[in-house]
Amino acid sequence: MKRHPSLRLAALAAAAILTCGGALADPVKIGLIETLSGPQAASGLMYRAAARYAIERMNAEGGWNGQPVQLVEYDNQGGPAGAADKLKAAIADGVHLVVQGASSAVGGQITEDVRKHNLRNPGKAIIYVNVGAEALELTGEKCHFHHFRFSGNAQVRTKALVLAMKQSNALGSRVYAINQNYSWGQDMEQAIEASAQLGGYQLVEKTLHDVNKIQDFAPYVAKIGAAKADTVITGNWSNDLLLLMKATKAAGLNARFGTVFLDQPGNIANGGELTLGHFIAHTFSAEAAGAEGEKFVADYKAKAGHVPVFIEPQTVFGLAMVADALKRTKPEGGKLNVNTLAKAIETAKVKTPVGEMSMRAADHQALLPIVVSTVAKDAKFKADDTDMGFKPVKVFSAAEAATPAQASCKMQRPS
């Protein structure tokens with residue numbers, strides 16, 4: 001467990017005020033449960049950077065009830081079992097909200113453990129702030145009142161990707177789906193298959209593979225080539241996307257890629273010029289956002305030491321919605337009533353640099369803008385210290401990108 005230094009100091013200052021007789025409410029504690037060490041830590045460290053930035057911004061705006069919001073960090077070591085243990089530690093530390101995003105497998109563990117804890121401990125509920133676990137089941141059959149997702153999902157991203165690529169005459173008529181064999185990848189495969197009519201393409205083949213275990217994607221790239229695919233659509237992330245891009249470059253594959261995580265640092269550098277013309281559906285583009293986007297990028301870089309990319313913007317925007325809800329939640333008996341906060345999050349709404357973002361109360365899926373971009377040399381902002389970047393092709397408003405709430409979500413609210 002680790003508390004961010006500036007937040008520790010703020011907490012000590014608040015404690016000193018209390019010692020001197022101030023009548024402040026108990027501070028709000030937010031626990032980050034992420035992979036912060038080891039070979040799979042790249043994404044977790046980015047979630048941490050974004051969470052630190054967002055919570056420091058909350059505190060610059062007054063924190064909650066005059067006290068700084070505290071961020072407590074837990075290293076889940078990359079798996080569901082580690083996340084379960086760290087959630088227990090967070091609960092013991094009095095955390096009110098837990099933040100996680102890297103891996104739907106970990107997200108599935110956390111959301112179920114949070115649900116069970118809240119059922120067993122009325123009056124001591126905690127909220128799961130999901131900033132990146134995009135498996136549909138989390139807002140479907142596994143939905144519950146104390147889970148909120150602030151990122152997209154496979155249906156939303158695939159819809160935007162297919163529509164933008166079709167409108168750009170870049171989709172072609174033969175599509176190959178390659179995804180990781182777990183809930184998120186299976187959702188992507190189903191969404192790609194379901195979007196065939198929307199995109200006017202034939203799904204020539206689909207492949208599911210082990211998650212973060214494949215060291216050589218050459219055999220998969222050979223299958224893609226043999227299928228004569230015009231386009232490859234993939235939801236791969238982390239090493240599975242990095243290595244797929246490397247194998248694609250080595251084989252000189254000419255198929256165009258439609259992705260959702262191509263902006264992960266390292267992908268453009270690994271793919272080189274072969275990535276030119278590839279597409280991505282992502283949650284932020286500074287170029288598409290104009291002056292407001294550039295202002296956000298400059299502020300983030302000044303505070304975090306790098307420009308916000310990949311999953312960082314959606315994390316910042318999601319926690320801004322939590323901040324909006326906290327502002328509207330008053331102390332009850334000197335404490336935060338988590339159920340009252342959850343009801344406030346259901347009506348949270350913020351303006352991001354690319355458009356309005358709000359929460360859908362029916363399933364606790366955020367409705368957010370989606371930007372579809374293509375890798376180009378004339379992009380305003382470059383990636384991976386190359387001469388290439390992501391040039392926006394189409395910005396879909398939250399309403400345009402949205403897909404319906406799943407019927408499998410039976411939301412039950414506390415009385």
# chains A, B, ... in the order shown; residues from 1 in each chain; ligands from 1
>>> select_by_dssp(residues="stretch 26-228 of chain A", states="alpha helix (DSSP H)", output="MDAnalysis selection string")
chainID A and resid 41:60 80:92 104:120 154:167 183:194 196:199 218:226
>>> residues_around(residues="A:Ala196", least_positions_apart="6", cutoff="9 Å", atoms="only C-alpha atoms", output="compact mmCIF listing (two decimals) with C-alpha atoms, in the first residue's frame")
# COMPACT_ATOMS: atom_id res chain seq x y z
CA VAL A 162 -16.95 0.46 -38.37
CA VAL A 175 -12.81 -8.42 -42.28
CA GLN A 202 -18.04 -10.36 -44.70
CA LEU A 203 -16.35 -11.70 -41.57
>>> closest_residue(among="A:Gln412, A:Asn267, A:Gln77, A:Thr329", to="A:Val28", atoms="only C-alpha atoms")
A:Thr329
>>> atom_distance(atom1="atom CA of A:Asp363", atom2="atom CA of A:Ala160")
20.4 Å
>>> atom_distance(atom1="atom CA of A:Asn239", atom2="atom CA of A:Asp210")
11.6 Å
>>> select_by_dssp(residues="stretch 220-311 of chain A", states="strand (DSSP E or B)", output="CSV table (one decimal) with N, CA and C atoms, in the first residue's frame")
chain,number,residue,atom,x,y,z
A,231,THR,N,-9.3,-5.8,-44.0
A,231,THR,CA,-9.2,-5.1,-42.7
A,231,THR,C,-9.2,-6.2,-41.5
A,232,VAL,N,-8.4,-5.9,-40.6
A,232,VAL,CA,-8.3,-6.7,-39.3
A,232,VAL,C,-8.9,-5.8,-38.2
A,233,ILE,N,-9.9,-6.3,-37.5
A,233,ILE,CA,-10.4,-5.5,-36.3
A,233,ILE,C,-10.0,-6.3,-35.1
A,234,THR,N,-9.4,-5.6,-34.1
A,234,THR,CA,-8.9,-6.3,-32.9
A,234,THR,C,-9.1,-5.4,-31.7
A,256,ARG,N,-5.4,-3.4,-43.6
A,256,ARG,CA,-5.6,-2.3,-42.7
A,256,ARG,C,-6.1,-2.8,-41.3
A,257,PHE,N,-5.7,-2.1,-40.3
A,257,PHE,CA,-6.2,-2.5,-38.9
A,257,PHE,C,-7.2,-1.5,-38.4
A,258,GLY,N,-8.2,-2.0,-37.8
A,258,GLY,CA,-9.2,-1.2,-37.0
A,258,GLY,C,-9.0,-1.7,-35.5
A,259,THR,N,-8.6,-0.7,-34.7
A,259,THR,CA,-8.2,-1.1,-33.3
A,259,THR,C,-8.9,-0.2,-32.3
A,279,PHE,N,-6.5,2.4,-38.1
A,279,PHE,CA,-7.6,3.2,-37.4
A,279,PHE,C,-7.7,2.8,-35.9
A,280,ILE,N,-8.2,3.8,-35.2
A,280,ILE,CA,-8.4,3.5,-33.7
A,280,ILE,C,-9.7,4.3,-33.3
A,281,ALA,N,-10.5,3.6,-32.5
A,281,ALA,CA,-11.6,4.3,-31.8
A,281,ALA,C,-11.2,4.5,-30.4
A,282,HIS,N,-11.0,5.8,-30.0
A,282,HIS,CA,-10.5,6.1,-28.6
A,282,HIS,C,-11.3,7.2,-28.0
